[in-house]
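Source file: final.tsv; contents: TSV, C-alpha atoms.
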chain	number	residue	atom	x	y	z
A	1	MET	CA	-78.22	-107.56	-33.62
A	2	ALA	CA	-80.30	-108.25	-36.72
A	3	LEU	CA	-81.60	-105.38	-38.80
A	4	ASP	CA	-85.29	-105.11	-39.53
A	5	GLN	CA	-86.29	-105.67	-43.15
A	6	GLU	CA	-87.29	-102.05	-43.84
A	7	GLU	CA	-83.96	-100.68	-42.62
A	8	LEU	CA	-81.91	-103.41	-44.28
A	9	PHE	CA	-83.18	-102.71	-47.78
A	10	SER	CA	-83.50	-98.91	-47.69
A	11	GLY	CA	-81.23	-96.15	-48.97
A	12	ARG	CA	-77.96	-95.92	-50.87
A	13	CYS	CA	-74.63	-97.20	-49.61
A	14	ILE	CA	-71.49	-95.05	-49.47
A	15	LEU	CA	-68.61	-97.50	-49.35
A	16	ILE	CA	-65.66	-96.27	-47.28
A	17	ASN	CA	-62.38	-97.89	-48.17
A	18	GLY	CA	-61.03	-97.91	-44.63
A	19	PRO	CA	-62.36	-97.06	-41.16
A	20	VAL	CA	-65.00	-94.53	-40.21
A	21	ILE	CA	-63.94	-92.51	-37.15
A	22	VAL	CA	-66.77	-90.88	-35.21
A	23	GLY	CA	-65.55	-87.68	-33.58
A	24	ALA	CA	-62.96	-85.07	-34.59
A	25	GLY	CA	-61.69	-84.29	-31.12
A	26	PRO	CA	-58.13	-85.06	-29.98
A	27	SER	CA	-58.86	-88.81	-29.88
A	28	GLY	CA	-60.22	-89.02	-33.42
A	29	LEU	CA	-57.41	-86.85	-34.80
A	30	ALA	CA	-54.78	-89.00	-33.06
A	31	VAL	CA	-56.20	-92.13	-34.70
A	32	GLY	CA	-56.31	-90.34	-38.05
A	33	ALA	CA	-52.67	-89.30	-37.70
A	34	GLY	CA	-51.60	-92.88	-37.02
A	35	LEU	CA	-53.57	-94.15	-40.01
A	36	LYS	CA	-52.05	-91.47	-42.25
A	37	ARG	CA	-48.58	-92.65	-41.24
A	38	ARG	CA	-49.53	-96.18	-42.30
A	39	GLY	CA	-51.17	-95.21	-45.57
A	40	VAL	CA	-54.66	-96.25	-44.51
A	41	PRO	CA	-57.55	-94.15	-45.91
A	42	PHE	CA	-60.32	-93.14	-43.50
A	43	VAL	CA	-63.24	-90.79	-42.96
A	44	ILE	CA	-63.85	-88.76	-39.81
A	45	LEU	CA	-67.46	-87.79	-39.12
A	46	GLU	CA	-67.94	-84.79	-36.81
A	47	ARG	CA	-71.27	-83.41	-35.62
A	48	ALA	CA	-69.95	-79.86	-35.10
A	49	ASP	CA	-68.51	-77.44	-37.65
A	50	CYS	CA	-64.94	-77.59	-36.34
A	51	ILE	CA	-62.38	-79.93	-34.80
A	52	ALA	CA	-62.13	-80.21	-31.00
A	53	SER	CA	-65.55	-78.60	-30.65
A	54	LEU	CA	-65.69	-79.18	-26.89
A	55	TRP	CA	-62.57	-77.06	-26.50
A	56	GLN	CA	-63.56	-74.45	-29.05
A	57	ASN	CA	-67.23	-73.99	-28.18
A	58	LYS	CA	-67.88	-75.28	-24.68
A	59	THR	CA	-65.06	-74.09	-22.44
A	60	TYR	CA	-64.57	-70.93	-20.41
A	61	ASP	CA	-62.02	-68.31	-21.41
A	62	ARG	CA	-59.60	-68.75	-18.50
A	63	LEU	CA	-59.23	-72.52	-18.97
A	64	HIS	CA	-55.74	-74.02	-18.97
A	65	LEU	CA	-54.69	-77.64	-19.19
A	66	HIS	CA	-54.91	-79.21	-15.75
A	67	LEU	CA	-51.86	-81.41	-16.33
A	68	PRO	CA	-48.33	-80.62	-17.55
A	69	LYS	CA	-48.21	-80.39	-21.33
A	70	HIS	CA	-46.15	-83.53	-21.92
A	71	PHE	CA	-49.03	-85.57	-20.43
A	72	CYS	CA	-51.46	-83.99	-22.91
A	73	GLN	CA	-49.68	-83.98	-26.25
A	74	LEU	CA	-50.91	-86.20	-29.06
A	75	PRO	CA	-48.83	-88.95	-30.69
A	76	TYR	CA	-45.97	-88.09	-33.07
A	77	VAL	CA	-46.06	-84.28	-32.58
A	78	PRO	CA	-45.14	-82.65	-29.23
A	79	PHE	CA	-46.26	-79.24	-28.06
A	80	PRO	CA	-44.07	-76.33	-29.21
A	81	ARG	CA	-41.21	-75.68	-26.82
A	82	SER	CA	-42.39	-72.08	-26.48
A	83	PHE	CA	-45.64	-73.19	-24.83
A	84	PRO	CA	-45.80	-72.91	-21.04
A	85	GLU	CA	-46.02	-75.98	-18.81
A	86	TYR	CA	-49.80	-75.57	-18.62
A	87	PRO	CA	-50.98	-74.27	-22.03
A	88	SER	CA	-54.08	-72.09	-22.22
A	89	LYS	CA	-57.27	-73.08	-23.97
A	90	HIS	CA	-56.32	-71.02	-27.02
A	91	GLN	CA	-52.81	-72.46	-27.17
A	92	PHE	CA	-54.22	-75.97	-27.02
A	93	ILE	CA	-56.68	-75.20	-29.83
A	94	ASP	CA	-53.81	-73.80	-31.93
A	95	TYR	CA	-51.87	-77.00	-31.29
A	96	ILE	CA	-54.82	-79.21	-32.28
A	97	GLU	CA	-55.47	-77.25	-35.47
A	98	SER	CA	-51.80	-77.37	-36.48
A	99	TYR	CA	-51.81	-81.11	-35.73
A	100	ALA	CA	-54.72	-81.63	-38.17
A	101	ARG	CA	-52.96	-79.53	-40.82
A	102	HIS	CA	-49.69	-81.39	-40.33
A	103	PHE	CA	-51.35	-84.73	-41.13
A	104	ASP	CA	-53.75	-83.23	-43.70
A	105	ILE	CA	-56.80	-84.46	-41.79
A	106	THR	CA	-60.08	-83.07	-43.14
A	107	PRO	CA	-63.14	-84.33	-41.23
A	108	ARG	CA	-66.63	-84.25	-42.68
A	109	PHE	CA	-68.29	-81.62	-40.50
A	110	ASN	CA	-71.96	-81.25	-39.53
A	111	GLU	CA	-72.42	-85.02	-39.79
A	112	SER	CA	-73.99	-86.12	-36.53
A	113	VAL	CA	-74.18	-89.91	-36.33
A	114	VAL	CA	-77.67	-91.07	-35.41
A	115	SER	CA	-77.06	-94.81	-35.65
A	116	ALA	CA	-74.28	-97.30	-36.22
A	117	ARG	CA	-74.69	-101.04	-36.22
A	118	TYR	CA	-72.93	-104.07	-37.57
A	119	ASP	CA	-74.68	-105.66	-40.55
A	120	GLU	CA	-73.90	-109.37	-40.47
A	121	ALA	CA	-75.33	-109.80	-43.96
A	122	CYS	CA	-72.66	-107.48	-45.39
A	123	GLY	CA	-69.98	-108.05	-42.79
A	124	LEU	CA	-69.74	-104.26	-42.54
A	125	TRP	CA	-70.76	-101.43	-40.25
A	126	ARG	CA	-73.67	-99.26	-41.37
A	127	VAL	CA	-73.35	-95.69	-40.14
A	128	LYS	CA	-76.14	-93.18	-40.66
A	129	THR	CA	-75.83	-89.44	-40.04
A	130	VAL	CA	-78.32	-86.61	-39.95
A	131	LYS	CA	-76.70	-85.13	-43.06
A	132	SER	CA	-76.66	-88.36	-45.06
A	133	GLN	CA	-80.44	-88.80	-44.65
A	134	ASP	CA	-81.30	-91.51	-47.18
A	135	CYS	CA	-77.90	-93.22	-47.32
A	136	TYR	CA	-75.49	-95.10	-45.11
A	137	TYR	CA	-71.74	-95.16	-44.80
A	138	LEU	CA	-70.50	-98.73	-45.07
A	139	CYS	CA	-67.15	-99.59	-43.53
A	140	ARG	CA	-65.19	-102.56	-42.27
A	141	TRP	CA	-63.90	-100.74	-39.16
A	142	LEU	CA	-65.68	-98.34	-36.85
A	143	VAL	CA	-63.68	-96.20	-34.41
A	144	VAL	CA	-65.72	-94.61	-31.62
A	145	ALA	CA	-63.87	-91.43	-30.65
A	146	THR	CA	-66.68	-89.30	-29.22
A	147	GLY	CA	-65.07	-89.46	-25.78
A	148	GLU	CA	-66.13	-89.26	-22.16
A	149	ASN	CA	-67.44	-85.68	-22.37
A	150	ALA	CA	-69.85	-85.73	-25.30
A	151	GLU	CA	-72.96	-84.47	-23.49
A	152	LYS	CA	-73.45	-82.21	-20.51
A	153	VAL	CA	-74.93	-83.60	-17.31
A	154	VAL	CA	-77.86	-81.58	-15.98
A	155	PRO	CA	-79.18	-82.96	-12.67
A	156	GLU	CA	-82.81	-82.56	-11.68
A	157	PHE	CA	-83.50	-80.28	-8.72
A	158	GLU	CA	-86.83	-79.63	-7.10
A	159	GLY	CA	-88.10	-76.17	-7.96
A	160	LEU	CA	-85.43	-75.36	-10.54
A	161	GLY	CA	-88.07	-74.66	-13.16
A	162	ASP	CA	-89.62	-71.99	-10.91
A	163	PHE	CA	-86.33	-70.21	-10.22
A	164	ALA	CA	-86.52	-66.68	-11.62
A	165	GLY	CA	-82.81	-66.22	-12.29
A	166	ASN	CA	-80.49	-67.38	-15.03
A	167	VAL	CA	-79.43	-71.05	-15.14
A	168	MET	CA	-76.60	-72.31	-17.34
A	169	HIS	CA	-74.26	-75.26	-17.59
A	170	ALA	CA	-70.53	-74.62	-17.28
A	171	CYS	CA	-70.17	-75.51	-20.97
A	172	ASP	CA	-72.01	-72.26	-21.78
A	173	TYR	CA	-70.01	-70.14	-19.33
A	174	LYS	CA	-67.29	-67.95	-20.83
A	175	SER	CA	-66.40	-65.24	-18.31
A	176	GLY	CA	-67.53	-63.79	-15.00
A	177	LYS	CA	-67.72	-60.23	-16.35
A	178	ALA	CA	-71.48	-60.40	-16.83
A	179	PHE	CA	-71.99	-61.48	-13.20
A	180	ALA	CA	-70.26	-58.59	-11.42
A	181	GLY	CA	-72.04	-57.75	-8.16
A	182	LYS	CA	-74.37	-60.76	-8.45
A	183	ASN	CA	-74.87	-63.70	-6.09
A	184	VAL	CA	-74.03	-66.79	-8.15
A	185	LEU	CA	-74.47	-70.39	-7.05
A	186	VAL	CA	-71.92	-72.77	-8.59
A	187	VAL	CA	-73.14	-76.36	-8.37
A	188	GLY	CA	-70.14	-78.67	-8.30
A	189	CYS	CA	-66.67	-78.45	-6.78
A	190	GLY	CA	-64.53	-80.27	-9.31
A	191	ASN	CA	-61.94	-78.52	-11.44
A	192	SER	CA	-64.60	-76.68	-13.45
A	193	GLY	CA	-66.48	-75.59	-10.33
A	194	MET	CA	-63.30	-74.35	-8.71
A	195	GLU	CA	-62.16	-72.43	-11.79
A	196	VAL	CA	-65.58	-70.91	-12.48
A	197	SER	CA	-65.85	-69.81	-8.84
A	198	LEU	CA	-62.39	-68.26	-8.96
A	199	ASP	CA	-63.18	-66.49	-12.24
A	200	LEU	CA	-66.43	-65.13	-10.80
A	201	CYS	CA	-64.57	-63.90	-7.75
A	202	GLN	CA	-61.92	-62.17	-9.85
A	203	ASN	CA	-64.69	-60.44	-11.81
A	204	HIS	CA	-66.29	-59.07	-8.61
A	205	ALA	CA	-69.20	-61.50	-8.45
A	206	LEU	CA	-70.24	-63.17	-5.18
A	207	PRO	CA	-69.94	-66.93	-5.74
A	208	SER	CA	-71.20	-69.70	-3.46
A	209	MET	CA	-70.03	-73.20	-4.35
A	210	VAL	CA	-72.00	-76.35	-3.53
A	211	VAL	CA	-69.57	-78.85	-2.01
A	212	ARG	CA	-70.28	-82.49	-1.28
A	213	SER	CA	-66.85	-84.09	-1.66
A	214	SER	CA	-63.53	-82.94	-3.03
A	215	GLU	CA	-59.85	-83.72	-3.17
A	216	ILE	CA	-57.43	-80.82	-3.44
A	217	LEU	CA	-53.91	-81.37	-4.72
A	218	GLY	CA	-51.40	-78.85	-6.01
A	219	LYS	CA	-50.62	-79.05	-9.73
A	220	SER	CA	-46.97	-79.83	-9.10
A	221	THR	CA	-47.88	-83.11	-7.41
A	222	PHE	CA	-49.15	-84.83	-10.55
A	223	GLU	CA	-45.83	-85.80	-12.06
A	224	ILE	CA	-44.60	-87.03	-8.68
A	225	ALA	CA	-47.78	-89.10	-8.36
A	226	GLY	CA	-47.22	-90.64	-11.78
A	227	LEU	CA	-43.67	-91.61	-10.92
A	228	MET	CA	-44.68	-93.12	-7.58
A	229	ALA	CA	-47.47	-95.13	-9.21
A	230	LYS	CA	-44.89	-96.85	-11.43
A	231	TRP	CA	-42.87	-98.11	-8.49
A	232	MET	CA	-45.38	-98.80	-5.74
A	233	PRO	CA	-49.03	-99.86	-5.25
A	234	LEU	CA	-51.59	-97.11	-5.76
A	235	TRP	CA	-52.70	-97.23	-2.15
A	236	VAL	CA	-49.14	-96.60	-0.94
A	237	ALA	CA	-48.69	-93.67	-3.34
A	238	ASP	CA	-52.06	-92.32	-2.20
A	239	LYS	CA	-51.01	-92.43	1.44
A	240	ILE	CA	-47.93	-90.38	0.65
A	241	LEU	CA	-49.88	-87.88	-1.48
A	242	VAL	CA	-52.61	-87.38	1.10
A	243	ALA	CA	-50.01	-86.86	3.83
A	244	ALA	CA	-48.24	-84.30	1.64
A	245	ALA	CA	-51.54	-82.52	0.91
A	246	TRP	CA	-52.24	-82.26	4.64
A	247	MET	CA	-48.81	-80.73	5.21
A	248	ILE	CA	-49.18	-78.23	2.37
A	249	LEU	CA	-52.88	-77.37	2.55
A	250	GLY	CA	-53.79	-78.14	6.13
A	251	ASN	CA	-57.25	-79.17	7.22
A	252	THR	CA	-59.55	-78.19	4.34
A	253	GLU	CA	-62.67	-79.60	6.00
A	254	LYS	CA	-63.06	-76.48	8.13
A	255	TYR	CA	-63.70	-74.64	4.86
A	256	GLY	CA	-66.33	-77.18	3.80
A	257	LEU	CA	-63.98	-79.13	1.53
A	258	LYS	CA	-64.31	-82.76	2.53
A	259	ARG	CA	-61.81	-85.36	1.38
A	260	PRO	CA	-63.12	-88.65	-0.04
A	261	THR	CA	-62.16	-91.81	1.80
A	262	MET	CA	-60.35	-93.09	-1.31
A	263	GLY	CA	-57.01	-91.58	-2.30
A	264	PRO	CA	-56.66	-89.48	-5.48
A	265	LEU	CA	-54.91	-92.10	-7.62
A	266	GLN	CA	-57.34	-94.87	-6.70
A	267	LEU	CA	-60.25	-92.46	-7.20
A	268	LYS	CA	-59.07	-91.73	-10.73
A	269	HIS	CA	-58.32	-95.39	-11.49
A	270	ARG	CA	-61.61	-96.82	-10.22
A	271	GLN	CA	-64.15	-94.05	-10.82
A	272	GLY	CA	-62.49	-91.78	-13.39
A	273	LYS	CA	-62.77	-88.77	-11.08
A	274	THR	CA	-59.94	-86.30	-11.43
A	275	PRO	CA	-58.48	-84.80	-8.24
A	276	VAL	CA	-59.05	-81.07	-7.98
A	277	LEU	CA	-55.92	-79.10	-8.87
A	278	ASP	CA	-55.87	-75.88	-6.88
A	279	ILE	CA	-54.99	-72.82	-8.98
A	280	GLY	CA	-55.90	-70.16	-6.44
A	281	ALA	CA	-59.49	-70.93	-5.47
A	282	LEU	CA	-58.52	-72.35	-2.07
A	283	ALA	CA	-57.02	-69.03	-0.97
A	284	ARG	CA	-60.28	-67.28	-1.91
A	285	ILE	CA	-62.25	-69.88	0.04
A	286	ARG	CA	-60.05	-69.33	3.07
A	287	SER	CA	-60.53	-65.56	2.81
A	288	GLY	CA	-64.31	-65.95	2.48
A	289	HIS	CA	-64.52	-64.48	-1.02
A	290	ILE	CA	-65.80	-67.85	-2.26
A	291	LYS	CA	-68.42	-69.27	0.06
A	292	THR	CA	-68.85	-73.04	0.33
A	293	VAL	CA	-72.33	-74.39	1.03
A	294	PRO	CA	-73.80	-77.89	1.53
A	295	ALA	CA	-76.07	-79.77	-0.87
A	296	ILE	CA	-79.25	-78.31	-2.32
A	297	ASN	CA	-82.66	-79.22	-0.93
A	298	LYS	CA	-84.73	-77.25	-3.42
A	299	PHE	CA	-84.81	-74.07	-5.46
A	300	LEU	CA	-87.07	-71.13	-4.66
A	301	HIS	CA	-88.26	-68.26	-6.84
A	302	HIS	CA	-85.34	-65.99	-5.90
A	303	GLY	CA	-82.98	-68.35	-4.13
A	304	VAL	CA	-82.18	-71.84	-2.93
A	305	GLU	CA	-82.88	-73.82	0.22
A	306	LEU	CA	-79.90	-75.90	1.36
A	307	VAL	CA	-80.05	-79.23	3.18
A	308	ASN	CA	-79.15	-77.50	6.45
A	309	GLY	CA	-82.24	-75.30	6.15
A	310	GLU	CA	-80.38	-72.14	5.15
A	311	ILE	CA	-82.06	-69.93	2.54
A	312	LEU	CA	-79.53	-68.46	0.13
A	313	PRO	CA	-80.61	-65.57	-2.13
A	314	ILE	CA	-79.06	-65.93	-5.58
A	315	HIS	CA	-79.33	-64.29	-9.00
A	316	SER	CA	-77.82	-67.02	-11.20
A	317	VAL	CA	-76.91	-70.72	-11.18
A	318	ILE	CA	-73.97	-72.30	-12.99
A	319	LEU	CA	-74.07	-76.08	-13.19
A	320	ALA	CA	-70.49	-77.37	-13.07
A	321	THR	CA	-71.92	-80.88	-13.05
A	322	GLY	CA	-69.75	-82.49	-15.68
A	323	TYR	CA	-70.28	-84.48	-18.85
A	324	THR	CA	-71.05	-88.00	-19.96
A	325	SER	CA	-70.64	-90.30	-22.93
A	326	ASN	CA	-73.37	-90.31	-25.61
A	327	VAL	CA	-72.40	-93.64	-27.18
A	328	PRO	CA	-75.56	-95.54	-26.07
A	329	THR	CA	-77.75	-93.05	-27.97
A	330	TRP	CA	-76.37	-94.02	-31.38
A	331	LEU	CA	-74.23	-97.18	-31.24
A	332	LYS	CA	-76.47	-100.23	-31.54
A	333	GLU	CA	-74.17	-102.58	-29.66
A	334	ARG	CA	-74.26	-103.77	-26.06
A	335	GLU	CA	-71.41	-106.26	-25.74
A	336	PHE	CA	-68.34	-104.04	-25.90
A	337	PHE	CA	-69.85	-100.83	-24.50
A	338	SER	CA	-71.83	-100.76	-21.26
A	339	LYS	CA	-75.05	-98.81	-20.77
A	340	ASP	CA	-73.11	-95.84	-19.39
A	341	GLY	CA	-71.22	-95.50	-22.67
A	342	PHE	CA	-67.82	-96.83	-21.61
A	343	PRO	CA	-66.00	-100.00	-22.70
A	344	ARG	CA	-66.71	-102.85	-20.29
A	345	SER	CA	-63.02	-103.78	-20.15
A	346	PRO	CA	-60.99	-101.18	-18.25
A	347	PHE	CA	-57.74	-99.63	-19.43
A	348	PRO	CA	-55.50	-100.91	-20.98
A	349	ASN	CA	-57.87	-103.46	-22.57
A	350	GLY	CA	-60.82	-101.29	-23.57
A	351	TRP	CA	-59.69	-100.21	-27.02
A	352	LYS	CA	-60.76	-103.15	-29.22
A	353	GLY	CA	-64.04	-105.00	-29.60
A	354	LYS	CA	-65.16	-107.52	-32.19
A	355	ASP	CA	-66.24	-107.11	-35.83
A	356	GLY	CA	-63.85	-104.20	-36.37
A	357	LEU	CA	-65.11	-102.03	-33.49
A	358	TYR	CA	-62.62	-99.80	-31.65
A	359	ALA	CA	-62.79	-97.16	-28.90
A	360	VAL	CA	-60.47	-94.23	-28.18
A	361	GLY	CA	-60.84	-91.60	-25.47
A	362	PHE	CA	-62.62	-93.66	-22.81
A	363	THR	CA	-59.70	-94.56	-20.53
A	364	ARG	CA	-60.56	-92.10	-17.71
A	365	ARG	CA	-56.91	-91.06	-17.98
A	366	GLY	CA	-57.25	-87.93	-20.07
A	367	LEU	CA	-55.30	-87.25	-23.23
A	368	SER	CA	-52.39	-89.51	-22.28
A	369	GLY	CA	-54.70	-92.53	-22.12
A	370	ALA	CA	-56.41	-91.52	-25.36
A	371	SER	CA	-53.07	-91.20	-27.13
A	372	THR	CA	-51.99	-94.65	-25.95
A	373	ASP	CA	-55.15	-96.24	-27.32
A	374	ALA	CA	-55.03	-94.23	-30.55
A	375	VAL	CA	-51.60	-95.63	-31.37
A	376	LYS	CA	-52.84	-99.18	-30.71
A	377	VAL	CA	-55.92	-98.74	-32.90
A	378	ALA	CA	-54.00	-97.26	-35.83
A	379	GLN	CA	-51.37	-99.99	-35.61
A	380	ASP	CA	-53.97	-102.77	-35.46
A	381	ILE	CA	-55.97	-101.49	-38.41
A	382	GLY	CA	-52.79	-100.70	-40.34
A	383	GLU	CA	-51.49	-104.23	-40.00
A	384	ILE	CA	-54.76	-105.73	-41.24
A	385	TRP	CA	-54.97	-103.20	-44.06
A	386	ASN	CA	-51.50	-103.92	-45.36
A	387	GLN	CA	-51.99	-107.69	-45.12
A	388	GLU	CA	-55.50	-108.16	-46.48
A	389	ILE	CA	-57.14	-105.04	-47.86
A	390	LYS	CA	-54.68	-103.02	-49.92
A	391	GLN	CA	-54.66	-105.44	-52.87
A	392	LYS	CA	-58.41	-105.19	-53.39
A	393	SER	CA	-59.04	-101.60	-52.32
A	394	HIS	CA	-61.64	-99.37	-53.90
A	395	ALA	CA	-61.70	-95.60	-54.09
A	396	VAL	CA	-62.56	-93.82	-50.85
A	397	GLY	CA	-66.15	-92.67	-50.67
A	398	VAL	CA	-67.37	-94.44	-53.84
A	399	SER	CA	-71.16	-94.18	-54.01
A	400	CYS	CA	-73.07	-97.22	-55.18
A	401	ASN	CA	-76.69	-98.22	-55.45
A	402	ARG	CA	-76.11	-101.84	-54.50
A	403	ARG	CA	-78.08	-103.04	-51.51
A	404	CYS	CA	-76.73	-105.25	-48.77
A	405	LYS	CA	-78.30	-108.68	-49.12
A	406	PRO	CA	-78.10	-111.74	-46.93

Please express the file's structure as C-alpha cells.
Amino acid sequence: MALDQEELFSGRCILINGPVIVGAGPSGLAVGAGLKRRGVPFVILERADCIASLWQNKTYDRLHLHLPKHFCQLPYVPFPRSFPEYPSKHQFIDYIESYARHFDITPRFNESVVSARYDEACGLWRVKTVKSQDCYYLCRWLVVATGENAEKVVPEFEGLGDFAGNVMHACDYKSGKAFAGKNVLVVGCGNSGMEVSLDLCQNHALPSMVVRSSEILGKSTFEIAGLMAKWMPLWVADKILVAAAWMILGNTEKYGLKRPTMGPLQLKHRQGKTPVLDIGALARIRSGHIKTVPAINKFLHHGVELVNGEILPIHSVILATGYTSNVPTWLKEREFFSKDGFPRSPFPNGWKGKDGLYAVGFTRRGLSGASTDAVKVAQDIGEIWNQEIKQKSHAVGVSCNRRCKP
C-alpha cells in the first residue's frame, strides 16, 4: 500500500537494527528470548507500563491456568518444579517476570503503536507510536505479538444504557467481595463466566449466568485429549471425550448447559473456542446457588428481560464476553491478516507473511501454539540476520534525520 506524500516525507526516522516486536506479553517475550539466543538485536514496543499486562491488570484474583503447566511454559525455560500443576495468576506473573530477567529483555513501555505499514520506497517497515509522535521506527522485520485478546468485547444490548446498576467487563473484575448479597448477572458461560460466577457464589453474592451454549470437560481430560488427537482423527477423539463427559457429568442440559453439536477438539481447531474446564461451578449450578438463564432480550432500569419473558431483578452486570484482536486498527496490511485480526493461513502456517512480517500468538491454541510459532520466527530471522545483516549492522536505535525517498 503506497504512502501518501505528506506521511512519506514527515518526521524523523529511528533506525532499528533488527526486528520491532509489538507486544510484551508471553508471545513477544518468547520471540525476544529466541532472538537473544541467536544474537539478534530487537526492540519490543508495549502500550502498557509492564510486561504481560493482560495478566497483571485485567484478570481476576482467583484465576489459575486452565491447562497443565507444561502446556503453558515458554520456550527454553520451564516452570519451576515447585509450582503446582495449574499455577495461579500470581505464580504465572512471577514466571513471566523471571523469564524476562533471565534473557535481559527490556521492552519500551507506554509505546502504543498507532500505525505500521511497509514502505516500499525504503524496503522497511515504518512503525509509529503515540509516544514517538513526530518520528517513526524503521525496521526490516515486524513481529506482531499483540495476541488474540488485545481488546475486550462489549456486545450491544437494548436498554443497557438505561440500566441503573453497575456494569463492568470481566477484565475489570477482581473479586466477588464487593457483591455480597447482591443479584449479579454474568453474561457469558465460558471459562471466565464460570469462574466469575463461582467466585461470586463463594463471596455470598447471588449470581445468574446467561447460557447459550457450552461444553464442560474436567481439567484432567486435556492431556488425554492431546494424546488421542496425535493418534486418531479429531472427530474420533471428540466422540470418545463427549462419551466420557456424559459418563462423568451426566446430562448437563437439565441445568441449562447445552452442548454444541461440534466436539471440543474440533470446536477449538475450527473456531478457537476453548472447552469449559469445570473447577467447581457445575456443583453450584446443580445445587441452585448459581442460576442459569437464557439469552437477554433487553435491559430494564432495575433488571433484565430474558428471551423467555422472565423479568430478573439485578444489581450489577459482569460481561464475560471475551476479547478480540486489535491488529486491524493499527497494521496497514490486508493480505496476511484478515479483517478480524487473525492470519488468513491457519496453524501451523500462520506465522510468516511477506516483506519481513511475522505473527505470534494467533494460533487459537493458547501458549503452546504461541511458543511453537515464537521459536519458528526467531529461527527464521536469526538465519537471515547471520547470513546477510550482521556484516553491515548499525547500532540499535540510532536516530537519523534522513528521509525515506523513492

* Structure fact -> Between A:Ala52, A:Leu300, A:Val113, A:Cys139, smallest distance to A:Trp125 by only C-alpha atoms belongs to A:Cys139

* To do: With a distance cut-off of 6 Å and all atoms listed in the file, select the neighbouring residues of A:Leu142, excluding the residue or stretch itself and same-chain residues fewer than 2 positions from it, and output the selection as a list in words.
  =>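 In the requested format, the answer is Pro19, Val20 and Leu357 of chain A.
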
* Smallest atom-to-atom distance to A:Gly123: which of A:Val377, A:Ala205, A:Pro155, A:Lys354, using only C-alpha atoms? -> A:Lys354

* **Near-A:Trp55 list (12 Å; all atoms listed in the file; drop same-chain fewer than 2 positions) as number ranges by chain** => A: 24-26, 48, 50-53, 57-65, 88-97, 149-150, 171-172, 174

* To do: Choose the residue, out of A:Gly39, A:Gly161, A:Pro313, A:Gly369, that has the smallest atom-to-atom separation from A:Glu383; count all atoms listed in the file.
  =>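 Result for the nearest residue to A:Glu383: A:Gly39.
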
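Each of A:Val360, A:Met209, A:Leu198, A:Leu15 was compared to A:Arg140 using only C-alpha atoms, and A:Leu15 turns out to be the nearest.
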
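One distance worth recording is that between atom CA of A:Val304 and atom CA of A:Ser325, which is 29.6 Å.
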
* So how far away is atom CA of A:Gly303 from atom CA of A:His315, in Å? -> 7.3 Å

* Asked: With all atoms listed in the file as the atoms that count, which of A:Ala378, A:Leu367, A:Cys122, A:Ala295 lies nearest to A:Phe157?
  -> A:Ala295

* Using all atoms listed in the file, find the one residue out of A:Ile311, A:Ile318, A:Ile14, A:Leu138 that sits nearest to A:Pro207. => A:Ile318

* Structure fact -> One decimal place gives the atom CA of A:Val375-atom CA of A:Lys128 separation as 26.4 Å

* Asked: For the point (-56.8, -99.2, -30.6) in file coordinates, what residues are within 12 Å, counting only C-alpha atoms? Give the answer as a PyMOL selection string?
  -> chain A and resi 21+27-28+30-32+34-35+141-145+347-354+356-363+369-383

C-alpha atoms of the current selection, written as a compact mmCIF listing (two decimals), keeping the file's coordinate frame:
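selection-v4.txt, written as the output of this step:
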# COMPACT_ATOMS: atom_id res chain seq x y z
CA ILE A 21 -63.94 -92.51 -37.15
CA SER A 27 -58.86 -88.81 -29.88
CA GLY A 28 -60.22 -89.02 -33.42
CA ALA A 30 -54.78 -89.00 -33.06
CA VAL A 31 -56.20 -92.13 -34.70
CA GLY A 32 -56.31 -90.34 -38.05
CA GLY A 34 -51.60 -92.88 -37.02
CA LEU A 35 -53.57 -94.15 -40.01
CA TRP A 141 -63.90 -100.74 -39.16
CA LEU A 142 -65.68 -98.34 -36.85
CA VAL A 143 -63.68 -96.20 -34.41
CA VAL A 144 -65.72 -94.61 -31.62
CA ALA A 145 -63.87 -91.43 -30.65
CA PHE A 347 -57.74 -99.63 -19.43
CA PRO A 348 -55.50 -100.91 -20.98
CA ASN A 349 -57.87 -103.46 -22.57
CA GLY A 350 -60.82 -101.29 -23.57
CA TRP A 351 -59.69 -100.21 -27.02
CA LYS A 352 -60.76 -103.15 -29.22
CA GLY A 353 -64.04 -105.00 -29.60
CA LYS A 354 -65.16 -107.52 -32.19
CA GLY A 356 -63.85 -104.20 -36.37
CA LEU A 357 -65.11 -102.03 -33.49
CA TYR A 358 -62.62 -99.80 -31.65
CA ALA A 359 -62.79 -97.16 -28.90
CA VAL A 360 -60.47 -94.23 -28.18
CA GLY A 361 -60.84 -91.60 -25.47
CA PHE A 362 -62.62 -93.66 -22.81
CA THR A 363 -59.70 -94.56 -20.53
CA GLY A 369 -54.70 -92.53 -22.12
CA ALA A 370 -56.41 -91.52 -25.36
CA SER A 371 -53.07 -91.20 -27.13
CA THR A 372 -51.99 -94.65 -25.95
CA ASP A 373 -55.15 -96.24 -27.32
CA ALA A 374 -55.03 -94.23 -30.55
CA VAL A 375 -51.60 -95.63 -31.37
CA LYS A 376 -52.84 -99.18 -30.71
CA VAL A 377 -55.92 -98.74 -32.90
CA ALA A 378 -54.00 -97.26 -35.83
CA GLN A 379 -51.37 -99.99 -35.61
CA ASP A 380 -53.97 -102.77 -35.46
CA ILE A 381 -55.97 -101.49 -38.41
CA GLY A 382 -52.79 -100.70 -40.34
CA GLU A 383 -51.49 -104.23 -40.00

Centre and edges of the stretch 195-200 of chain A box, axis-aligned, 4 Å extra per side, as JSON:
{"center_x": -64.3, "center_y": -68.8, "center_z": -10.7, "size_x": 12.3, "size_y": 15.3, "size_z": 11.6}
